[in-house]
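final.txt follows (compact mmCIF, C-alpha atoms and all ligand atoms):
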```txt
# COMPACT_ATOMS: atom_id res chain seq x y z
CA MET A 1 -2.14 -8.59 -13.10
CA ALA A 2 -1.83 -5.16 -14.64
CA GLU A 3 -5.50 -4.77 -15.57
CA ASP A 4 -8.26 -4.71 -13.01
CA GLY A 5 -10.04 -7.39 -15.05
CA SER A 6 -7.42 -9.88 -14.03
CA ILE A 7 -7.82 -9.29 -10.31
CA ARG A 8 -11.42 -10.35 -10.87
CA GLU A 9 -10.27 -13.58 -12.46
CA GLU A 10 -7.67 -14.07 -9.73
CA ALA A 11 -10.24 -13.45 -6.98
CA ARG A 12 -12.69 -15.84 -8.63
CA GLN A 13 -10.09 -18.59 -8.31
CA ARG A 14 -9.15 -17.75 -4.73
CA PRO A 15 -10.94 -20.19 -2.45
CA GLY A 16 -13.36 -18.83 0.14
CA ALA A 17 -11.34 -15.82 1.30
CA ARG A 18 -14.45 -13.61 1.55
CA GLY A 19 -15.70 -15.19 4.76
CA ASP A 20 -12.28 -15.28 6.42
CA GLN A 21 -12.54 -13.40 9.72
CA ARG A 22 -8.75 -12.97 9.86
CA LEU A 23 -9.18 -10.15 7.35
CA ASN A 24 -11.60 -8.13 9.47
CA TRP A 25 -9.06 -5.59 10.74
CA TRP A 26 -7.76 -5.07 7.22
CA ARG A 27 -11.26 -4.78 5.72
CA ASP A 28 -12.11 -2.07 8.24
CA ALA A 29 -8.74 -0.27 7.85
CA ARG A 30 -9.28 0.81 4.20
CA PHE A 31 -6.15 2.99 4.12
CA GLY A 32 -2.51 2.04 4.65
CA MET A 33 0.97 3.50 4.27
CA PHE A 34 3.43 1.87 1.89
CA ILE A 35 7.13 2.66 2.40
CA HIS A 36 9.77 1.89 -0.24
CA TRP A 37 13.11 2.47 1.43
CA GLY A 38 16.47 1.00 0.56
CA LEU A 39 19.92 1.63 -0.91
CA TYR A 40 18.30 3.00 -4.08
CA ALA A 41 17.47 6.14 -2.07
CA ILE A 42 21.16 7.10 -2.39
CA PRO A 43 21.32 7.31 -6.21
CA ALA A 44 17.74 8.66 -5.99
CA GLY A 45 17.14 8.22 -9.70
CA GLN A 46 20.62 9.07 -11.03
CA TRP A 47 23.57 6.89 -11.90
CA ARG A 48 27.01 8.23 -12.75
CA GLY A 49 25.54 11.69 -13.01
CA LYS A 50 22.85 10.73 -15.49
CA PRO A 51 19.10 10.68 -14.78
CA ILE A 52 17.64 7.17 -15.07
CA PRO A 53 14.05 7.02 -16.31
CA GLY A 54 11.49 4.90 -14.51
CA ILE A 55 10.87 3.96 -10.90
CA GLY A 56 13.76 4.73 -8.55
CA GLU A 57 14.07 1.33 -6.85
CA TRP A 58 14.72 -0.30 -10.25
CA VAL A 59 17.96 1.59 -10.92
CA MET A 60 20.17 -1.49 -10.44
CA LEU A 61 18.36 -3.48 -13.12
CA ARG A 62 17.80 -0.52 -15.41
CA GLU A 63 21.52 0.22 -15.52
CA ARG A 64 22.57 -3.40 -15.11
CA ILE A 65 24.80 -2.29 -12.26
CA PRO A 66 27.17 -5.09 -11.23
CA VAL A 67 26.49 -6.53 -7.79
CA ARG A 68 29.94 -5.52 -6.53
CA GLU A 69 29.40 -1.93 -7.58
CA TYR A 70 25.84 -1.61 -6.24
CA GLU A 71 26.90 -3.24 -2.97
CA SER A 72 29.23 -0.34 -2.26
CA LEU A 73 26.18 1.86 -1.63
CA ALA A 74 25.74 0.03 1.68
CA GLY A 75 28.99 1.51 3.00
CA ARG A 76 27.47 4.96 2.50
CA PHE A 77 24.00 4.30 3.87
CA ASN A 78 23.63 6.28 7.08
CA PRO A 79 20.07 7.58 7.51
CA THR A 80 20.69 9.37 10.79
CA ARG A 81 17.45 11.33 10.47
CA PHE A 82 15.37 8.14 10.52
CA ASP A 83 12.80 8.41 13.30
CA ALA A 84 10.46 5.44 13.67
CA ASP A 85 8.14 7.32 16.04
CA ALA A 86 7.78 10.18 13.56
CA TRP A 87 7.06 7.85 10.62
CA VAL A 88 4.42 5.90 12.51
CA SER A 89 2.98 9.11 13.88
CA LEU A 90 2.70 10.44 10.31
CA ALA A 91 0.78 7.31 9.31
CA LYS A 92 -1.49 7.88 12.31
CA GLN A 93 -2.02 11.52 11.44
CA ALA A 94 -2.79 10.53 7.85
CA GLY A 95 -5.46 8.12 9.08
CA GLN A 96 -3.54 5.09 7.82
CA LYS A 97 -4.16 1.99 9.91
CA TYR A 98 -1.37 -0.23 8.60
CA LEU A 99 2.16 0.28 7.40
CA VAL A 100 3.91 -1.90 4.80
CA ILE A 101 7.67 -1.40 4.54
CA THR A 102 10.28 -2.96 2.26
CA ALA A 103 12.16 -5.53 4.34
CA LYS A 104 13.84 -6.72 1.15
CA HIS A 105 13.17 -5.29 -2.30
CA HIS A 106 14.36 -6.62 -5.68
CA ASP A 107 17.89 -5.28 -5.13
CA GLY A 108 18.24 -7.92 -2.42
CA PHE A 109 19.47 -5.56 0.28
CA CYS A 110 17.90 -6.44 3.63
CA MET A 111 16.58 -3.46 5.54
CA TYR A 112 16.49 -5.54 8.71
CA GLY A 113 19.09 -7.47 10.70
CA SER A 114 19.19 -10.84 8.93
CA ASN A 115 21.28 -13.85 9.91
CA GLU A 116 20.96 -15.28 6.41
CA THR A 117 23.17 -12.69 4.75
CA GLU A 118 25.57 -9.96 5.78
CA TYR A 119 24.07 -7.82 3.04
CA ASN A 120 21.78 -6.14 5.53
CA ILE A 121 21.41 -2.75 7.17
CA VAL A 122 22.78 -3.82 10.56
CA ASP A 123 25.94 -5.56 9.32
CA ALA A 124 26.78 -3.69 6.12
CA THR A 125 26.12 -0.01 6.83
CA PRO A 126 27.63 2.66 9.09
CA PHE A 127 24.07 3.13 10.40
CA GLY A 128 24.16 -0.28 12.09
CA ARG A 129 20.63 -0.07 13.48
CA ASP A 130 17.63 -2.25 12.66
CA PRO A 131 14.86 0.15 11.57
CA MET A 132 12.32 -2.69 11.58
CA LYS A 133 12.89 -3.24 15.30
CA GLU A 134 12.33 0.46 15.91
CA LEU A 135 9.24 0.52 13.71
CA ALA A 136 7.86 -2.59 15.40
CA ARG A 137 8.10 -0.87 18.78
CA ALA A 138 6.61 2.38 17.49
CA CYS A 139 3.76 0.56 15.72
CA GLN A 140 2.95 -1.36 18.89
CA GLU A 141 2.92 1.84 20.92
CA GLN A 142 0.78 3.77 18.47
CA GLY A 143 -1.55 0.98 17.42
CA VAL A 144 -0.62 0.66 13.75
CA HIS A 145 -0.38 -2.77 12.09
CA LEU A 146 3.22 -3.37 10.98
CA CYS A 147 3.54 -5.30 7.71
CA PHE A 148 6.54 -6.30 5.57
CA TYR A 149 7.10 -6.12 1.83
CA TYR A 150 9.35 -9.01 0.82
CA SER A 151 10.50 -9.68 -2.77
CA GLN A 152 10.28 -13.47 -2.93
CA THR A 153 11.18 -14.04 -6.59
CA GLN A 154 13.31 -11.15 -7.81
CA ASP A 155 16.61 -10.80 -5.98
CA TRP A 156 19.27 -9.14 -8.10
CA HIS A 157 21.95 -9.75 -5.48
CA HIS A 158 21.44 -13.46 -4.81
CA PRO A 159 23.01 -15.73 -7.48
CA ASP A 160 19.88 -17.91 -7.58
CA GLY A 161 17.26 -15.16 -7.34
CA ASP A 162 15.25 -14.00 -10.34
CA GLY A 163 16.16 -10.97 -12.42
CA ASN A 164 19.93 -10.49 -12.52
CA ASP A 165 21.23 -11.94 -15.80
CA TRP A 166 24.23 -9.60 -16.07
CA ASP A 167 26.19 -11.01 -13.11
CA TYR A 168 24.68 -14.48 -13.08
CA ASP A 169 23.80 -17.05 -15.73
CA ASP A 170 20.03 -17.53 -15.71
CA ALA A 171 20.37 -21.13 -16.88
CA LYS A 172 22.48 -22.03 -13.85
CA LYS A 173 20.11 -20.64 -11.26
CA ASP A 174 18.68 -22.90 -8.58
CA PHE A 175 15.48 -20.95 -7.92
CA ALA A 176 13.93 -23.76 -5.86
CA GLY A 177 17.02 -23.85 -3.64
CA TYR A 178 16.90 -20.06 -3.26
CA LEU A 179 13.27 -20.28 -2.09
CA GLU A 180 13.92 -23.17 0.29
CA HIS A 181 17.25 -22.11 1.77
CA TYR A 182 17.10 -18.33 1.63
CA VAL A 183 13.56 -16.96 1.23
CA LYS A 184 11.90 -19.26 3.75
CA PRO A 185 14.50 -18.69 6.48
CA GLN A 186 14.15 -14.95 5.92
CA VAL A 187 10.36 -15.09 6.12
CA ARG A 188 10.85 -17.02 9.37
CA GLU A 189 13.08 -14.25 10.71
CA LEU A 190 10.57 -11.56 9.79
CA LEU A 191 7.77 -13.43 11.54
CA ALA A 192 9.82 -14.43 14.58
CA ASN A 193 11.69 -11.25 15.52
CA TYR A 194 9.32 -8.30 15.15
CA GLY A 195 6.17 -9.24 17.07
CA PRO A 196 2.78 -9.62 15.40
CA ILE A 197 2.90 -8.80 11.70
CA GLY A 198 -0.29 -7.70 9.92
CA LEU A 199 0.61 -9.06 6.51
CA ILE A 200 3.46 -9.99 4.22
CA TRP A 201 3.35 -8.18 0.90
CA PHE A 202 4.96 -10.38 -1.73
CA ASP A 203 5.57 -9.13 -5.26
CA THR A 204 6.25 -9.89 -8.94
CA PRO A 205 5.45 -13.64 -8.84
CA LYS A 206 7.38 -14.68 -11.93
CA ARG A 207 9.09 -18.09 -11.99
CA ILE A 208 7.20 -19.30 -8.90
CA SER A 209 5.06 -22.47 -9.19
CA ALA A 210 1.67 -22.91 -7.53
CA ALA A 211 3.21 -25.40 -5.10
CA GLN A 212 5.94 -22.93 -4.22
CA SER A 213 3.47 -20.06 -3.70
CA ARG A 214 1.32 -22.32 -1.57
CA SER A 215 4.21 -23.45 0.61
CA LEU A 216 5.10 -19.81 1.35
CA VAL A 217 1.48 -18.99 2.23
CA ASP A 218 1.39 -22.04 4.50
CA LEU A 219 4.66 -21.05 6.14
CA VAL A 220 3.36 -17.56 6.94
CA HIS A 221 0.08 -18.92 8.34
CA GLU A 222 1.91 -21.59 10.33
CA LEU A 223 4.22 -19.04 11.98
CA GLN A 224 1.58 -16.38 12.57
CA PRO A 225 -1.95 -17.60 11.83
CA GLY A 226 -3.30 -14.06 11.84
CA CYS A 227 -0.74 -12.73 9.35
CA LEU A 228 -2.26 -12.09 5.93
CA VAL A 229 -0.60 -12.71 2.57
CA ASN A 230 -1.29 -10.45 -0.40
CA GLY A 231 -2.22 -11.67 -3.87
CA ARG A 232 1.22 -11.13 -5.38
CA ILE A 233 2.42 -14.35 -3.80
CA GLY A 234 1.28 -15.60 -7.19
CA ASN A 235 -0.89 -18.35 -8.67
CA ALA A 236 -4.18 -16.81 -7.41
CA LEU A 237 -3.17 -17.58 -3.82
CA GLY A 238 -2.91 -15.31 -0.79
CA ASP A 239 -5.65 -13.79 1.31
CA TYR A 240 -6.68 -10.94 -0.94
CA ALA A 241 -6.29 -9.69 -4.50
CA GLU A 242 -3.82 -7.00 -5.48
CA ALA A 243 -4.71 -4.57 -8.26
CA GLY A 244 -2.03 -3.38 -10.67
CA ASP A 245 0.07 -0.48 -9.42
CA ASN A 246 -2.03 2.69 -9.36
CA ALA A 247 -4.89 0.75 -11.01
CA ILE A 248 -8.44 1.24 -9.74
CA PRO A 249 -11.14 -1.13 -11.01
CA ALA A 250 -13.80 0.65 -13.07
CA GLU A 251 -16.64 -0.91 -11.09
CA LEU A 252 -17.52 -2.34 -7.72
CA PHE A 253 -15.53 -5.49 -7.13
CA ASP A 254 -17.00 -7.88 -4.60
CA ALA A 255 -13.82 -9.38 -3.15
CA ASP A 256 -11.03 -8.37 -0.80
CA TRP A 257 -8.64 -6.23 -2.81
CA GLU A 258 -6.12 -3.42 -2.56
CA THR A 259 -4.62 -0.80 -4.84
CA PRO A 260 -0.96 0.01 -4.20
CA ALA A 261 -0.30 3.56 -5.36
CA THR A 262 2.27 6.32 -5.57
CA ILE A 263 1.81 9.99 -4.69
CA ASN A 264 4.25 10.98 -7.45
CA ASP A 265 5.54 8.53 -10.12
CA THR A 266 8.08 6.47 -8.20
CA TRP A 267 8.09 4.16 -5.19
CA GLY A 268 11.72 4.54 -4.12
CA TYR A 269 12.87 8.16 -3.63
CA LYS A 270 13.90 10.08 -6.77
CA HIS A 271 15.01 13.59 -6.22
CA ASP A 272 13.78 14.87 -9.58
CA ASP A 273 10.26 13.40 -9.42
CA HIS A 274 8.02 16.29 -8.45
CA ASN A 275 4.89 15.06 -10.20
CA TRP A 276 2.83 15.06 -7.02
CA LYS A 277 -0.88 14.29 -7.15
CA SER A 278 -2.93 16.90 -5.35
CA THR A 279 -4.56 16.18 -1.99
CA GLY A 280 -7.96 16.43 -3.70
CA GLU A 281 -7.00 13.77 -6.25
CA LEU A 282 -5.70 11.49 -3.50
CA ILE A 283 -8.87 11.87 -1.44
CA HIS A 284 -11.03 11.18 -4.50
CA LYS A 285 -9.01 8.05 -5.21
CA LEU A 286 -9.39 6.89 -1.61
CA VAL A 287 -13.16 7.42 -1.75
CA ASP A 288 -13.38 5.80 -5.20
CA ILE A 289 -11.46 2.71 -4.03
CA VAL A 290 -13.40 2.34 -0.78
CA SER A 291 -16.74 2.81 -2.60
CA LYS A 292 -15.81 -0.20 -4.75
CA GLY A 293 -14.75 -2.36 -1.82
CA GLY A 294 -10.96 -1.94 -1.86
CA ASN A 295 -8.12 -0.69 0.30
CA TYR A 296 -5.75 2.13 -0.67
CA LEU A 297 -2.07 1.49 0.08
CA LEU A 298 -0.38 4.81 -0.53
CA ASN A 299 3.39 5.01 -0.87
CA VAL A 300 6.08 7.28 0.47
CA GLY A 301 9.74 7.03 -0.57
CA PRO A 302 12.03 8.28 2.20
CA THR A 303 15.44 9.75 1.39
CA ALA A 304 18.81 8.19 2.17
CA GLU A 305 18.98 10.50 5.20
CA GLY A 306 15.73 9.06 6.53
CA ASP A 307 13.34 11.89 5.72
CA ILE A 308 9.92 11.44 4.17
CA PRO A 309 9.69 14.07 1.41
CA HIS A 310 7.89 17.19 2.55
CA ALA A 311 5.44 17.08 -0.39
CA SER A 312 4.27 13.64 0.77
CA VAL A 313 4.03 14.71 4.41
CA ALA A 314 1.92 17.75 3.54
CA ARG A 315 -0.55 15.72 1.45
CA LEU A 316 -0.83 12.92 3.99
CA LYS A 317 -1.55 15.38 6.78
CA GLU A 318 -4.30 17.02 4.71
CA MET A 319 -5.78 13.60 3.97
CA GLY A 320 -5.70 12.87 7.70
CA GLN A 321 -7.51 16.11 8.46
CA TRP A 322 -10.19 15.20 5.94
CA LEU A 323 -10.46 11.73 7.49
CA GLU A 324 -10.64 13.29 10.94
CA ARG A 325 -13.84 14.98 9.74
CA ASN A 326 -15.16 12.22 7.47
CA GLY A 327 -13.64 8.96 8.70
CA GLU A 328 -17.05 7.68 9.75
CA ALA A 329 -17.88 7.43 6.03
CA ILE A 330 -14.66 5.51 5.20
CA TYR A 331 -13.47 3.20 8.01
CA GLY A 332 -15.37 -0.02 8.41
CA THR A 333 -17.56 0.76 5.41
CA ARG A 334 -18.54 -1.46 2.52
CA PRO A 335 -19.48 -0.46 -1.03
CA GLY A 336 -22.58 1.72 -1.18
CA PRO A 337 -25.77 0.95 -3.13
CA LEU A 338 -25.19 3.56 -5.83
CA GLN A 339 -22.34 2.89 -8.22
CA GLY A 340 -21.17 4.40 -11.46
CA PHE A 341 -22.18 8.06 -11.22
CA ASP A 342 -19.71 10.83 -11.89
CA TRP A 343 -20.23 13.52 -9.22
CA GLY A 344 -19.48 11.31 -6.26
CA ARG A 345 -19.45 7.86 -4.68
CA THR A 346 -21.34 5.92 -1.99
CA THR A 347 -20.19 3.79 0.92
CA ALA A 348 -22.34 2.07 3.55
CA LYS A 349 -22.21 0.87 7.15
CA TYR A 350 -25.03 -0.77 9.15
CA ASP A 351 -28.12 1.38 8.59
CA THR A 352 -26.35 4.35 7.01
CA VAL A 353 -25.50 5.12 3.41
CA TYR A 354 -22.81 7.75 2.86
CA VAL A 355 -22.94 9.90 -0.23
CA HIS A 356 -19.54 11.46 -0.96
CA VAL A 357 -20.07 14.53 -3.09
CA PHE A 358 -17.01 15.53 -5.17
CA ASP A 359 -18.68 18.40 -7.06
CA TRP A 360 -20.87 20.36 -4.71
CA PRO A 361 -23.90 21.87 -6.53
CA ALA A 362 -23.97 25.68 -6.61
CA ASP A 363 -27.42 25.83 -4.96
CA GLY A 364 -26.49 23.24 -2.33
CA LYS A 365 -29.25 20.91 -3.55
CA VAL A 366 -27.92 17.36 -3.83
CA ARG A 367 -30.08 14.99 -5.90
CA VAL A 368 -29.53 11.36 -5.05
CA PRO A 369 -31.15 8.83 -7.38
CA ASP A 370 -33.50 6.36 -5.74
CA PHE A 371 -31.69 3.26 -4.49
CA GLY A 372 -34.67 1.35 -3.24
CA GLN A 373 -34.24 1.88 0.48
CA ASN A 374 -36.29 3.95 2.90
CA VAL A 375 -34.27 7.04 3.84
CA THR A 376 -35.40 8.77 7.01
CA GLY A 377 -32.83 11.50 7.54
CA ALA A 378 -29.77 13.28 6.19
CA ARG A 379 -26.83 15.01 7.90
CA LEU A 380 -23.34 16.28 7.09
CA VAL A 381 -20.82 13.80 8.49
CA ALA A 382 -18.25 16.53 9.17
CA ASP A 383 -20.67 18.91 10.84
CA PRO A 384 -22.96 17.29 13.42
CA ALA A 385 -23.83 20.75 14.78
CA ALA A 386 -25.58 21.58 11.50
CA GLY A 387 -28.22 19.00 12.46
CA ALA A 388 -30.66 17.34 10.10
CA LEU A 389 -30.64 18.54 6.50
CA PRO A 390 -34.01 19.14 4.79
CA LEU A 391 -34.89 16.04 2.83
CA THR A 392 -37.56 15.56 0.17
CA ILE A 393 -38.41 12.34 -1.58
CA ASP A 394 -40.08 12.26 -4.96
CA ALA A 395 -40.33 9.96 -7.95
CA GLU A 396 -36.73 10.72 -9.04
CA GLY A 397 -35.21 10.02 -5.69
CA LEU A 398 -33.94 12.15 -2.84
CA LEU A 399 -33.32 15.83 -2.64
CA VAL A 400 -31.01 16.83 0.19
CA GLU A 401 -30.67 20.53 0.89
CA GLY A 402 -27.22 21.40 2.12
CA PRO A 403 -25.45 24.75 2.41
CA ALA A 404 -25.05 26.77 -0.78
CA SER A 405 -21.32 27.21 -0.22
CA THR A 406 -19.16 24.09 -0.65
CA PRO A 407 -18.84 22.50 2.79
CA ASP A 408 -15.50 20.80 2.02
CA ARG A 409 -13.16 21.67 -0.83
CA PHE A 410 -12.09 18.01 -1.21
CA ALA A 411 -15.33 16.03 -0.78
CA THR A 412 -18.44 16.33 1.36
CA ALA A 413 -19.91 13.24 2.99
CA ILE A 414 -23.66 13.17 3.63
CA ALA A 415 -24.98 10.44 5.92
CA LEU A 416 -28.39 9.06 4.96
CA SER A 417 -30.13 7.12 7.73
CA LEU A 418 -32.12 4.12 6.65
CA ASN A 419 -35.25 2.85 8.24
CA SER A 420 -34.71 -0.84 8.43
C1 LIG A 501 6.30 -3.94 -8.31
C2 LIG A 501 7.77 -3.65 -8.05
O1 LIG A 501 8.54 -4.11 -9.13
C3 LIG A 501 7.95 -2.16 -7.84
O2 LIG A 501 9.30 -1.87 -7.62
C4 LIG A 501 7.13 -1.74 -6.63
O3 LIG A 501 7.60 -2.39 -5.46
C5 LIG A 501 5.66 -2.06 -6.88
C6 LIG A 501 4.79 -1.80 -5.68
O4 LIG A 501 5.49 -3.43 -7.26
O5 LIG A 501 5.96 -3.47 -9.58
C7 LIG A 501 4.83 -3.86 -10.21
C8 LIG A 501 4.17 -5.02 -9.93
C9 LIG A 501 2.95 -5.32 -10.59
C10 LIG A 501 2.43 -4.44 -11.51
C11 LIG A 501 3.10 -3.28 -11.81
C12 LIG A 501 4.31 -3.00 -11.16
N1 LIG A 501 1.19 -4.72 -12.11
O6 LIG A 501 0.58 -5.74 -11.89
O7 LIG A 501 0.66 -3.85 -12.85
```
Transcribe the structure of this file into structure tokens.
Ligand code: JFZ
Amino acid sequence: MAEDGSIREEARQRPGARGDQRLNWWRDARFGMFIHWGLYAIPAGQWRGKPIPGIGEWVMLRERIPVREYESLAGRFNPTRFDADAWVSLAKQAGQKYLVITAKHHDGFCMYGSNETEYNIVDATPFGRDPMKELARACQEQGVHLCFYYSQTQDWHHPDGDGNDWDYDDAKKDFAGYLEHYVKPQVRELLANYGPIGLIWFDTPKRISAAQSRSLVDLVHELQPGCLVNGRIGNALGDYAEAGDNAIPAELFDADWETPATINDTWGYKHDDHNWKSTGELIHKLVDIVSKGGNYLLNVGPTAEGDIPHASVARLKEMGQWLERNGEAIYGTRPGPLQGFDWGRTTAKYDTVYVHVFDWPADGKVRVPDFGQNVTGARLVADPAAGALPLTIDAEGLLVEGPASTPDRFATAIALSLNS
């Protein structure tokens, strides 16, 4: 799964998903918000005063923290600054059309009110609220698709879940029983109690057989036919392929796929990870992914108080402002006809091809190689008032004359109208 080559293989095996109309909203969305939030936000990358390398939400496994000791974090979890409306509004402002949040990550702690275990945010924390209920309401109100991340194989808290071999004997685990009597009832809860769910994001499909993956996919579709399942349900099943974390395929990939990605280097909040990608890098990645037919699922890791780190907020808002100007060239688009050139990317929609220019030429003259279609006009997507741009066609292709000064410091989208 780690290399983009393997999502190709996985997608090749996935039966007929390409024509599935249930994915239409997701295909048009192109950009989503991932939220990794759980007890691991309290240690925030440190344990017993020592920094723990690696991704923050893995601290329990990394340090082989005994269940009884890790559990005690719940008694301290009180994110009073959590504000569902503000989180969903941030996603909106960022131009993200769906939101995927950790209902249960590998540490096994349920971030929603579950009847299957008391190890959940409502019953085990001083906070006592169900953030998923609040997010479900806010998402409904603001028109964002709510989706749940659910760790179906790894559960370091459950005696029969995968991953914890320091508290539990691996050889004695009843993984099938865990799936049947714990995972499935929890998936039922998530699909019964929070309204329409856009998709369930499963992860790390180790130990799970094809029959087991299939029965989970079937359960999701039976409970909510419109709810999608991501590729990490395992065994080349699910409705779309998942790339490796932060991995972007080198070339156009004609399938439904998504890249989950971090803004810094962790999913769960770590207070010493300040390795933030710049807004320009993030926008280029978004354009790159969309130009190759994928979706970008970009993560934030809120703190134990319930705040989304300011560095993330600032970048997301700038991305949203760029999308406010250039969204026409992103949402609802499909890969463009020109692939594999270094100064930009192309996307396409109906009778328009969008050329996203990363490096604006000093003289404002953009040369677009011929792509075999009849281009009748050019305009700047972000600046309709500028009108038609002078366009010349010769043997080499198109010459579009834009302004000499860079129109957009992140990327400039030029719309080329086609005569069809
Ligand atoms: C998984 C989780 O273990 C991690 O905590 C986080 O939730 C992330 C989104 O997903 O980590 C993975 C899963 C798959 C790959 C890499 C990390 N992969 O295929 O490259």
Write out as a PDB file with C-alpha atoms, in the coordinates of the input the residues lying within 8 Å of Gly293 (chain A), counting all atoms listed in the file and excluding same-chain residues fewer than 6 positions away.
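New file out35.pdb:
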```pdb
ATOM      1  CA  LEU A 252     -17.520  -2.340  -7.720  1.00  0.00           C
ATOM      2  CA  PHE A 253     -15.530  -5.490  -7.130  1.00  0.00           C
ATOM      3  CA  ASP A 254     -17.000  -7.880  -4.600  1.00  0.00           C
ATOM      4  CA  ALA A 255     -13.820  -9.380  -3.150  1.00  0.00           C
ATOM      5  CA  ASP A 256     -11.030  -8.370  -0.800  1.00  0.00           C
ATOM      6  CA  TRP A 257      -8.640  -6.230  -2.810  1.00  0.00           C
ATOM      7  CA  ARG A 334     -18.540  -1.460   2.520  1.00  0.00           C
ATOM      8  CA  PRO A 335     -19.480  -0.460  -1.030  1.00  0.00           C
TER       9      PRO A 335
END
```
Q.
What does the structure give for the distance between CA of Asn264 (chain A) and CA of Gly280 (chain A), in Å to one decimal?
A. 13.9 Å
Report as JSON lines: every residue of chain A with an atom at most 9 Å from ligand LIG 501 (chain A), its closest pair of atoms, and their distance in Å to one decimal, counting all atoms listed in the file, with rows sorted by chain and ascending residue number.
```
{"residue": "A:Met1", "atom": "CA", "partner": "A:LIG501", "partner_atom": "O6", "distance": 4.1}
{"residue": "A:Ala2", "atom": "CA", "partner": "A:LIG501", "partner_atom": "O7", "distance": 3.3}
{"residue": "A:Glu3", "atom": "CA", "partner": "A:LIG501", "partner_atom": "O7", "distance": 6.8}
{"residue": "A:Asp4", "atom": "CA", "partner": "A:LIG501", "partner_atom": "O7", "distance": 9.0}
{"residue": "A:Phe34", "atom": "CA", "partner": "A:LIG501", "partner_atom": "C6", "distance": 8.5}
{"residue": "A:His36", "atom": "CA", "partner": "A:LIG501", "partner_atom": "O3", "distance": 7.1}
{"residue": "A:Ile55", "atom": "CA", "partner": "A:LIG501", "partner_atom": "O2", "distance": 6.9}
{"residue": "A:Gly56", "atom": "CA", "partner": "A:LIG501", "partner_atom": "O2", "distance": 8.0}
{"residue": "A:Glu57", "atom": "CA", "partner": "A:LIG501", "partner_atom": "O2", "distance": 5.8}
{"residue": "A:Trp58", "atom": "CA", "partner": "A:LIG501", "partner_atom": "O2", "distance": 6.2}
{"residue": "A:Thr102", "atom": "CA", "partner": "A:LIG501", "partner_atom": "O3", "distance": 8.2}
{"residue": "A:His105", "atom": "CA", "partner": "A:LIG501", "partner_atom": "O3", "distance": 7.0}
{"residue": "A:His106", "atom": "CA", "partner": "A:LIG501", "partner_atom": "O2", "distance": 7.2}
{"residue": "A:Tyr149", "atom": "CA", "partner": "A:LIG501", "partner_atom": "O3", "distance": 8.2}
{"residue": "A:Ser151", "atom": "CA", "partner": "A:LIG501", "partner_atom": "O3", "distance": 8.3}
{"residue": "A:Gln154", "atom": "CA", "partner": "A:LIG501", "partner_atom": "O1", "distance": 8.6}
{"residue": "A:Phe202", "atom": "CA", "partner": "A:LIG501", "partner_atom": "O4", "distance": 8.9}
{"residue": "A:Asp203", "atom": "CA", "partner": "A:LIG501", "partner_atom": "O4", "distance": 6.0}
{"residue": "A:Thr204", "atom": "CA", "partner": "A:LIG501", "partner_atom": "C8", "distance": 5.4}
{"residue": "A:Pro205", "atom": "CA", "partner": "A:LIG501", "partner_atom": "C8", "distance": 8.8}
{"residue": "A:Arg232", "atom": "CA", "partner": "A:LIG501", "partner_atom": "C9", "distance": 8.0}
{"residue": "A:Glu242", "atom": "CA", "partner": "A:LIG501", "partner_atom": "O6", "distance": 7.9}
{"residue": "A:Ala243", "atom": "CA", "partner": "A:LIG501", "partner_atom": "O6", "distance": 6.5}
{"residue": "A:Gly244", "atom": "CA", "partner": "A:LIG501", "partner_atom": "O7", "distance": 3.5}
{"residue": "A:Asp245", "atom": "CA", "partner": "A:LIG501", "partner_atom": "C11", "distance": 4.8}
{"residue": "A:Asn246", "atom": "CA", "partner": "A:LIG501", "partner_atom": "O7", "distance": 7.9}
{"residue": "A:Ala247", "atom": "CA", "partner": "A:LIG501", "partner_atom": "O7", "distance": 7.4}
{"residue": "A:Pro260", "atom": "CA", "partner": "A:LIG501", "partner_atom": "C6", "distance": 6.2}
{"residue": "A:Ala261", "atom": "CA", "partner": "A:LIG501", "partner_atom": "C6", "distance": 7.4}
{"residue": "A:Thr262", "atom": "CA", "partner": "A:LIG501", "partner_atom": "C6", "distance": 8.5}
{"residue": "A:Thr266", "atom": "CA", "partner": "A:LIG501", "partner_atom": "C4", "distance": 8.4}
{"residue": "A:Trp267", "atom": "CA", "partner": "A:LIG501", "partner_atom": "C4", "distance": 6.1}
{"residue": "A:Gly268", "atom": "CA", "partner": "A:LIG501", "partner_atom": "O2", "distance": 7.7}
{"residue": "A:Asn299", "atom": "CA", "partner": "A:LIG501", "partner_atom": "C6", "distance": 8.5}
```
Q: Compile the contact shell of Tyr354 (chain A) as a VMD selection string: residues with an atom at most 6 Å away, counting only C-alpha atoms, same-chain residues fewer than 4 positions apart removed.
A: chain A and resid 329 346 to 348 414 to 415
Q: Could you check which of A:Tyr194, A:Gly45, A:Gln142, A:Val290 is closest to Arg62 (chain A), using only C-alpha atoms?
A: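 Of all the options, A:Gly45 lies closest to Arg62 (chain A).
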Q.
Here is a test: counting only C-alpha atoms, which residue of A:Met319, A:Cys110, A:Ala210, A:Ile308 is nearest to Glu189 (chain A)?
A.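 When distances to Glu189 (chain A) are compared using only C-alpha atoms, the smallest one comes from A:Cys110.
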**Q.** Residue neighbourhood Val122 (chain A), 12 Å, all atoms listed in the file, exclusion window fewer than 2 positions, as number ranges by chain
**A.** A: 74-75, 77-78, 109-115, 117-120, 124-133
Q: Quote the spacing between CA of Asp174 (chain A) and CA of Leu199 (chain A) in Å to one decimal place.
A: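 If I compute the distance from CA of Asp174 (chain A) to CA of Leu199 (chain A), I get 27.3 Å.
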